[in-house]
>>> print(open('upload-v3.cif').read())   # mmCIF, C-alpha atoms and all ligand atoms
data_work
loop_
_atom_site.group_PDB
_atom_site.id
_atom_site.type_symbol
_atom_site.label_atom_id
_atom_site.label_comp_id
_atom_site.auth_asym_id
_atom_site.auth_seq_id
_atom_site.Cartn_x
_atom_site.Cartn_y
_atom_site.Cartn_z
ATOM 1 C CA MET A 1 73.216 138.546 76.671
ATOM 2 C CA LYS A 2 75.955 137.498 79.083
ATOM 3 C CA LEU A 3 76.800 133.788 79.107
ATOM 4 C CA ASP A 4 78.817 131.822 81.661
ATOM 5 C CA ILE A 5 80.054 129.143 79.266
ATOM 6 C CA LEU A 6 80.506 129.640 75.515
ATOM 7 C CA ALA A 7 81.369 126.678 73.296
ATOM 8 C CA VAL A 8 82.945 127.643 69.965
ATOM 9 C CA ALA A 9 83.214 125.188 67.075
ATOM 10 C CA VAL A 10 84.221 125.332 63.440
ATOM 11 C CA HIS A 11 81.512 122.902 62.253
ATOM 12 C CA PRO A 12 77.940 122.567 63.481
ATOM 13 C CA ASP A 13 78.069 119.153 65.301
ATOM 14 C CA ASP A 14 81.606 119.603 66.747
ATOM 15 C CA VAL A 15 80.128 120.901 70.003
ATOM 16 C CA GLU A 16 77.665 118.013 70.228
ATOM 17 C CA LEU A 17 80.440 115.439 69.768
ATOM 18 C CA GLY A 18 83.053 117.199 71.900
ATOM 19 C CA CYS A 19 81.452 118.968 74.841
ATOM 20 C CA ALA A 20 77.616 118.785 74.784
ATOM 21 C CA GLY A 21 77.591 116.789 78.039
ATOM 22 C CA THR A 22 79.590 119.461 79.849
ATOM 23 C CA LEU A 23 77.225 122.168 78.572
ATOM 24 C CA LEU A 24 74.236 120.119 79.771
ATOM 25 C CA MET A 25 75.802 119.665 83.223
ATOM 26 C CA GLU A 26 76.655 123.365 83.530
ATOM 27 C CA LYS A 27 73.077 124.215 82.550
ATOM 28 C CA ARG A 28 71.906 121.932 85.371
ATOM 29 C CA HIS A 29 74.135 123.922 87.712
ATOM 30 C CA GLY A 30 72.239 127.057 86.732
ATOM 31 C CA LYS A 31 74.775 128.475 84.290
ATOM 32 C CA LYS A 32 73.944 130.279 81.052
ATOM 33 C CA ILE A 33 75.322 128.362 78.071
ATOM 34 C CA GLY A 34 75.683 129.119 74.383
ATOM 35 C CA VAL A 35 77.326 128.040 71.141
ATOM 36 C CA VAL A 36 79.049 129.989 68.374
ATOM 37 C CA ASP A 37 79.545 127.965 65.200
ATOM 38 C CA LEU A 38 82.222 129.463 62.950
ATOM 39 C CA THR A 39 81.029 127.948 59.623
ATOM 40 C CA ARG A 40 77.888 126.359 58.228
ATOM 41 C CA GLY A 41 79.731 123.136 57.432
ATOM 42 C CA GLU A 42 79.041 123.715 53.746
ATOM 43 C CA LEU A 43 81.794 121.339 52.612
ATOM 44 C CA GLY A 44 80.248 118.355 54.409
ATOM 45 C CA THR A 45 79.811 115.420 52.005
ATOM 46 C CA ARG A 46 76.267 114.639 53.108
ATOM 47 C CA GLY A 47 73.263 116.904 53.571
ATOM 48 C CA THR A 48 72.879 120.595 52.665
ATOM 49 C CA VAL A 49 73.559 123.911 54.405
ATOM 50 C CA GLU A 50 69.810 124.343 55.024
ATOM 51 C CA LEU A 51 69.481 120.872 56.500
ATOM 52 C CA ARG A 52 72.502 121.349 58.770
ATOM 53 C CA ALA A 53 71.069 124.660 60.013
ATOM 54 C CA GLN A 54 67.809 122.868 60.903
ATOM 55 C CA GLU A 55 69.775 120.123 62.657
ATOM 56 C CA ALA A 56 71.779 122.703 64.672
ATOM 57 C CA ALA A 57 68.537 124.404 65.715
ATOM 58 C CA ARG A 58 67.029 121.067 66.757
ATOM 59 C CA SER A 59 70.103 120.241 68.815
ATOM 60 C CA ALA A 60 70.028 123.706 70.443
ATOM 61 C CA VAL A 61 66.553 122.881 71.813
ATOM 62 C CA ILE A 62 67.755 119.485 73.123
ATOM 63 C CA LEU A 63 70.737 121.145 74.854
ATOM 64 C CA GLY A 64 68.642 124.026 76.229
ATOM 65 C CA LEU A 65 71.071 126.601 74.810
ATOM 66 C CA ASP A 66 70.525 130.216 75.810
ATOM 67 C CA ALA A 67 72.082 131.369 72.512
ATOM 68 C CA ARG A 68 73.389 129.843 69.288
ATOM 69 C CA GLU A 69 74.918 131.897 66.513
ATOM 70 C CA ASN A 70 76.713 131.152 63.239
ATOM 71 C CA LEU A 71 79.514 133.508 62.126
ATOM 72 C CA GLY A 72 79.358 132.361 58.480
ATOM 73 C CA MET A 73 83.108 131.849 57.950
ATOM 74 C CA ALA A 74 84.163 129.716 54.961
ATOM 75 C CA ASP A 75 84.318 126.005 55.783
ATOM 76 C CA GLY A 76 87.774 124.666 54.905
ATOM 77 C CA PHE A 77 89.204 128.047 53.898
ATOM 78 C CA PHE A 78 88.876 130.321 56.938
ATOM 79 C CA ARG A 79 92.208 131.489 58.359
ATOM 80 C CA ASN A 80 93.574 132.392 61.763
ATOM 81 C CA ASP A 81 94.170 136.017 60.674
ATOM 82 C CA GLU A 82 93.089 139.497 61.722
ATOM 83 C CA GLU A 83 89.794 139.451 59.802
ATOM 84 C CA HIS A 84 88.626 136.196 61.384
ATOM 85 C CA GLN A 85 90.021 137.055 64.832
ATOM 86 C CA ARG A 86 88.045 140.326 64.809
ATOM 87 C CA LEU A 87 84.827 138.485 63.889
ATOM 88 C CA LEU A 88 85.290 136.146 66.820
ATOM 89 C CA ILE A 89 86.414 138.908 69.219
ATOM 90 C CA ARG A 90 83.053 140.631 68.544
ATOM 91 C CA ALA A 91 81.207 137.459 69.550
ATOM 92 C CA ILE A 92 83.342 136.957 72.705
ATOM 93 C CA ARG A 93 82.747 140.577 73.778
ATOM 94 C CA LYS A 94 79.029 140.180 73.046
ATOM 95 C CA TYR A 95 78.587 137.076 75.253
ATOM 96 C CA ARG A 96 81.343 137.792 77.844
ATOM 97 C CA PRO A 97 81.816 134.161 78.986
ATOM 98 C CA GLU A 98 84.098 133.185 81.892
ATOM 99 C CA ILE A 99 84.866 129.834 80.228
ATOM 100 C CA VAL A 100 85.288 129.118 76.513
ATOM 101 C CA LEU A 101 85.215 125.554 75.191
ATOM 102 C CA ALA A 102 87.124 125.266 71.902
ATOM 103 C CA ASN A 103 88.097 122.851 69.125
ATOM 104 C CA SER A 104 91.148 120.607 69.566
ATOM 105 C CA LEU A 105 94.518 122.198 68.825
ATOM 106 C CA GLU A 106 95.478 119.271 66.591
ATOM 107 C CA ASP A 107 93.176 116.727 64.943
ATOM 108 C CA ARG A 108 92.371 114.533 61.929
ATOM 109 C CA HIS A 109 90.407 117.363 60.262
ATOM 110 C CA PRO A 110 92.783 120.315 59.722
ATOM 111 C CA ASP A 111 89.909 122.801 60.300
ATOM 112 C CA HIS A 112 89.739 121.662 63.932
ATOM 113 C CA GLY A 113 93.336 122.548 64.767
ATOM 114 C CA ARG A 114 93.221 125.844 62.892
ATOM 115 C CA ALA A 115 89.967 126.760 64.665
ATOM 116 C CA GLY A 116 91.410 125.706 68.037
ATOM 117 C CA HIS A 117 94.274 128.185 67.604
ATOM 118 C CA LEU A 118 91.968 130.894 66.194
ATOM 119 C CA ILE A 119 89.692 130.594 69.250
ATOM 120 C CA SER A 120 92.608 130.708 71.731
ATOM 121 C CA ASP A 121 94.123 133.751 70.005
ATOM 122 C CA ALA A 122 90.783 135.598 69.780
ATOM 123 C CA CYS A 123 90.087 134.978 73.493
ATOM 124 C CA PHE A 124 93.440 136.538 74.412
ATOM 125 C CA LEU A 125 93.165 139.470 71.987
ATOM 126 C CA SER A 126 89.589 140.180 73.116
ATOM 127 C CA GLY A 127 91.085 141.306 76.454
ATOM 128 C CA LEU A 128 93.159 144.045 74.831
ATOM 129 C CA ARG A 129 91.498 147.426 75.246
ATOM 130 C CA LYS A 130 93.116 148.995 72.223
ATOM 131 C CA ILE A 131 91.556 146.513 69.801
ATOM 132 C CA GLU A 132 88.360 148.368 68.947
ATOM 133 C CA THR A 133 85.205 146.540 67.873
ATOM 134 C CA ALA A 134 81.540 147.474 67.589
ATOM 135 C CA ASP A 135 78.362 145.527 68.290
ATOM 136 C CA ASP A 136 75.525 144.951 65.785
ATOM 137 C CA ALA A 137 74.126 148.411 66.518
ATOM 138 C CA GLY A 138 77.515 150.050 65.923
ATOM 139 C CA ARG A 139 78.211 150.770 69.605
ATOM 140 C CA PRO A 140 81.799 150.287 70.816
ATOM 141 C CA GLN A 141 82.353 147.053 72.773
ATOM 142 C CA GLU A 142 84.269 146.711 76.039
ATOM 143 C CA GLN A 143 87.262 144.391 76.191
ATOM 144 C CA TRP A 144 86.629 140.939 77.700
ATOM 145 C CA ARG A 145 88.994 138.047 78.343
ATOM 146 C CA PRO A 146 87.568 134.637 79.341
ATOM 147 C CA LYS A 147 89.344 133.187 82.379
ATOM 148 C CA TYR A 148 89.966 129.817 80.734
ATOM 149 C CA VAL A 149 89.895 128.219 77.282
ATOM 150 C CA PHE A 150 89.433 124.443 77.439
ATOM 151 C CA HIS A 151 89.937 122.420 74.246
ATOM 152 C CA TYR A 152 87.558 119.461 73.906
ATOM 153 C CA ILE A 153 89.197 116.302 72.598
ATOM 154 C CA GLN A 154 87.752 115.356 69.203
ATOM 155 C CA ASP A 155 88.683 112.603 66.773
ATOM 156 C CA ARG A 156 92.339 111.928 67.626
ATOM 157 C CA TYR A 157 93.037 110.727 71.119
ATOM 158 C CA ALA A 158 95.026 113.065 73.321
ATOM 159 C CA ALA A 159 95.674 112.745 77.040
ATOM 160 C CA PRO A 160 93.211 115.085 78.772
ATOM 161 C CA SER A 161 94.269 117.686 81.360
ATOM 162 C CA PHE A 162 91.014 116.856 83.180
ATOM 163 C CA VAL A 163 87.781 114.980 82.503
ATOM 164 C CA TYR A 164 84.233 116.091 83.260
ATOM 165 C CA ASP A 165 81.679 113.530 84.525
ATOM 166 C CA ILE A 166 78.685 113.695 82.159
ATOM 167 C CA SER A 167 77.017 110.401 83.179
ATOM 168 C CA PRO A 168 73.689 111.988 84.264
ATOM 169 C CA VAL A 169 73.199 113.629 80.850
ATOM 170 C CA PHE A 170 74.842 111.149 78.496
ATOM 171 C CA ASP A 171 71.554 110.067 76.853
ATOM 172 C CA LYS A 172 70.715 113.682 76.138
ATOM 173 C CA LYS A 173 74.147 114.243 74.628
ATOM 174 C CA LEU A 174 73.582 111.295 72.285
ATOM 175 C CA ALA A 175 70.187 112.725 71.328
ATOM 176 C CA SER A 176 71.880 116.018 70.419
ATOM 177 C CA ILE A 177 74.333 114.133 68.157
ATOM 178 C CA ARG A 178 71.480 112.195 66.559
ATOM 179 C CA ALA A 179 69.783 115.509 65.739
ATOM 180 C CA TYR A 180 72.357 115.644 62.905
ATOM 181 C CA SER A 181 70.659 112.834 61.018
ATOM 182 C CA SER A 182 72.347 113.808 57.722
ATOM 183 C CA GLN A 183 75.842 113.414 59.222
ATOM 184 C CA PHE A 184 75.722 110.363 61.461
ATOM 185 C CA PHE A 185 74.299 106.899 61.168
ATOM 186 C CA SER A 186 70.539 106.860 61.021
ATOM 187 C CA ALA A 187 68.466 103.953 59.732
ATOM 188 C CA ASP A 188 66.003 106.228 57.931
ATOM 189 C CA TYR A 189 68.383 108.653 56.237
ATOM 190 C CA GLY A 190 70.915 108.586 53.471
ATOM 191 C CA GLU A 191 70.238 105.580 51.269
ATOM 192 C CA ASN A 192 71.261 107.636 48.244
ATOM 193 C CA GLU A 193 74.002 109.621 49.961
ATOM 194 C CA PRO A 194 77.671 108.593 49.997
ATOM 195 C CA GLN A 195 78.951 106.985 53.195
ATOM 196 C CA THR A 196 81.616 108.945 55.037
ATOM 197 C CA TYR A 197 84.058 108.438 57.876
ATOM 198 C CA ILE A 198 81.450 109.652 60.367
ATOM 199 C CA SER A 199 78.232 108.197 58.900
ATOM 200 C CA SER A 200 78.835 104.544 59.827
ATOM 201 C CA PRO A 201 77.406 102.902 62.944
ATOM 202 C CA GLU A 202 81.016 102.170 64.010
ATOM 203 C CA PHE A 203 81.762 105.890 64.309
ATOM 204 C CA LEU A 204 79.024 106.412 66.902
ATOM 205 C CA ASN A 205 80.155 103.311 68.775
ATOM 206 C CA ALA A 206 83.673 104.760 68.897
ATOM 207 C CA VAL A 207 82.291 108.051 70.270
ATOM 208 C CA ILE A 208 80.505 106.154 73.035
ATOM 209 C CA GLY A 209 83.645 104.117 73.759
ATOM 210 C CA ARG A 210 85.780 107.262 74.044
ATOM 211 C CA HIS A 211 83.411 108.705 76.657
ATOM 212 C CA GLN A 212 83.453 105.427 78.566
ATOM 213 C CA MET A 213 87.240 105.458 78.515
ATOM 214 C CA PHE A 214 87.408 109.016 79.896
ATOM 215 C CA GLY A 215 84.757 108.019 82.454
ATOM 216 C CA LYS A 216 86.808 105.023 83.562
ATOM 217 C CA MET A 217 89.712 107.332 84.425
ATOM 218 C CA ILE A 218 87.621 108.772 87.284
ATOM 219 C CA GLY A 219 85.394 105.782 88.045
ATOM 220 C CA VAL A 220 82.175 107.021 86.405
ATOM 221 C CA PRO A 221 80.276 105.664 83.361
ATOM 222 C CA TYR A 222 80.867 108.573 80.938
ATOM 223 C CA ALA A 223 83.078 111.666 80.797
ATOM 224 C CA GLU A 224 84.336 114.274 78.344
ATOM 225 C CA GLY A 225 88.032 115.135 78.160
ATOM 226 C CA PHE A 226 89.587 118.600 77.915
ATOM 227 C CA ILE A 227 93.038 120.078 77.460
ATOM 228 C CA THR A 228 93.975 123.375 79.071
ATOM 229 C CA GLU A 229 96.892 125.462 77.810
ATOM 230 C CA LYS A 230 96.872 127.607 80.954
ATOM 231 C CA MET A 231 97.629 125.998 84.308
ATOM 232 C CA ILE A 232 94.584 125.583 86.540
ATOM 233 C CA GLY A 233 95.166 127.137 89.955
ATOM 234 C CA VAL A 234 93.270 126.284 93.152
ATOM 235 C CA GLN A 235 92.852 127.875 96.580
ATOM 236 C CA ASP A 236 90.709 125.085 98.010
ATOM 237 C CA PHE A 237 90.768 121.230 97.835
ATOM 238 C CA GLU A 238 86.958 120.955 98.309
ATOM 239 C CA ALA A 239 86.191 120.401 94.620
ATOM 240 C CA PHE A 240 88.634 117.469 94.561
ATOM 241 C CA VAL A 241 87.373 115.643 97.624
ATOM 242 C CA GLN A 242 83.717 115.855 96.602
ATOM 243 C CA MET A 243 84.275 113.145 93.990
ATOM 244 C CA ASP A 244 85.277 109.519 94.476
ATOM 245 C CA THR A 245 87.577 108.591 91.636
HETATM 246 ZN ZN ZN B 1 84.309 119.178 62.739
#
>>> encode(input="upload-v3.cif", output="structure tokens")
Amino acid sequence: MKLDILAVAVHPDDVELGCAGTLLMEKRHGKKIGVVDLTRGELGTRGTVELRAQEAARSAVILGLDARENLGMADGFFRNDEEHQRLLIRAIRKYRPEIVLANSLEDRHPDHGRAGHLISDACFLSGLRKIETADDAGRPQEQWRPKYVFHYIQDRYAAPSFVYDISPVFDKKLASIRAYSSQFFSADYGENEPQTYISSPEFLNAVIGRHQMFGKMIGVPYAEGFITEKMIGVQDFEAFVQMDT
């Protein structure tokens, strides 16, 4: 199935925290959206692999995803090498997205930065005809290079290249985060589980504050921030003048 926007993330829940609002907005604009999770988040302190898979499926319904797939790489130990690049190239060629949303290039969790570089490299390499890959049925795949890779800003603050107004869908984004009840603060989960950096009520408050801060930059209640490695080119100022900032 061809998608317009593909969000790729190393851990199930990275997409919800980083770019779920943008996916929801693009869906509203009639685009096909999907998520590829690289790992099952099996090293997460709280919850289990089975529980996290259920949470990801629940969130996929909230976000209205057209596809969600897990590549089963090893949480914490995957590498940006040929084996992992080829796995991801297969997924990119399968979904053929124009835009890829990817992990941050540098963050508190080292998996995020490594994944951010892996995703950028795989998107470039996927456009090279002489790298041969096959689909699930063993048929050769055509090369495909997404036009842009945008890195969503995660835990560590970084100045965004642009911000995306997600105010109309912010409540839904929060609901998609709350679908991960084993990971984030929830009054009815986790009495016997250890607390972590992300399981406190303060963490969710900080997430909300970050989106308000990005929103303030363009005069809207909530926004998500992205960094682009490739310069964005325009042939028309229309998109700029449509918004009061
Ligand atoms: Zn993560």
>>> residues_near_point(input="upload-v3.cif", point="(74.6, 108.2, 77.0)", cutoff="12 Å", atoms="all atoms listed in the file", output="ChimeraX atom specification")
/A:17,20-21,165-178,204-205,207-212,215,221-224
>>> residues_near_ligand(input="upload-v3.cif", ligand="ligand ZN 1 (chain B)", cutoff="8 Å", atoms="only C-alpha atoms and all ligand atoms", output="mmCIF file with C-alpha atoms, keeping the file's coordinate frame")
data_model
loop_
_atom_site.group_PDB
_atom_site.id
_atom_site.type_symbol
_atom_site.label_atom_id
_atom_site.label_comp_id
_atom_site.auth_asym_id
_atom_site.auth_seq_id
_atom_site.Cartn_x
_atom_site.Cartn_y
_atom_site.Cartn_z
ATOM 1 C CA ALA A 9 83.214 125.188 67.075
ATOM 2 C CA VAL A 10 84.221 125.332 63.440
ATOM 3 C CA HIS A 11 81.512 122.902 62.253
ATOM 4 C CA PRO A 12 77.940 122.567 63.481
ATOM 5 C CA ASP A 13 78.069 119.153 65.301
ATOM 6 C CA ASP A 14 81.606 119.603 66.747
ATOM 7 C CA HIS A 109 90.407 117.363 60.262
ATOM 8 C CA ASP A 111 89.909 122.801 60.300
ATOM 9 C CA HIS A 112 89.739 121.662 63.932
#
>>> closest_residue(input="upload-v3.cif", among="A:Thr39, A:Asn103, A:Ala60, A:Leu125", to="Asp81 in chain A", atoms="only C-alpha atoms")
A:Leu125
>>> resolve_selection(input="upload-v3.cif", expression="the PyMOL selection byres (((chain A and resi 228-239) around 10) and not hetatm)", output="list in words")
Leu101, Leu105, Ser120, Lys147, Tyr148, Val149, Phe150, His151, Tyr152, Pro160, Ser161, Phe162, Phe226, Ile227, Phe240, Val241, Gln242 and Met243 of chain A
>>> atom_distance(input="upload-v3.cif", atom1="CA of Arg108 in chain A", atom2="CA of Arg86 in chain A")
26.3 Å
>>> closest_residue(input="upload-v3.cif", among="A:Gly116, A:Gly138, A:Gly18, A:Gly34", to="Glu98 in chain A", atoms="all atoms listed in the file")
A:Gly34
>>> closest_residue(input="upload-v3.cif", among="A:Leu128, A:Ile119, A:Leu23, A:Val15", to="Leu88 in chain A", atoms="all atoms listed in the file")
A:Ile119
>>> atom_distance(input="upload-v3.cif", atom1="CA of Asn80 in chain A", atom2="CA of Gly127 in chain A")
17.4 Å
>>> resolve_selection(input="upload-v3.cif", expression="the PyMOL selection byres (((chain A and resi 90) around 9) and not hetatm)", output="MDAnalysis selection string")
chainID A and resid 85:89 91:95 126 133:135 141
>>> residues_around(input="upload-v3.cif", residues="Val35 in chain A", least_positions_apart="6", cutoff="7 Å", atoms="only C-alpha atoms", output="PDB file with C-alpha atoms, in the frame of the given file")
ATOM      1  CA  LEU A   6      80.506 129.640  75.515  1.00  0.00           C
ATOM      2  CA  ALA A   7      81.369 126.678  73.296  1.00  0.00           C
ATOM      3  CA  VAL A   8      82.945 127.643  69.965  1.00  0.00           C
ATOM      4  CA  ALA A  67      72.082 131.369  72.512  1.00  0.00           C
ATOM      5  CA  ARG A  68      73.389 129.843  69.288  1.00  0.00           C
ATOM      6  CA  GLU A  69      74.918 131.897  66.513  1.00  0.00           C
TER       7      GLU A  69
END
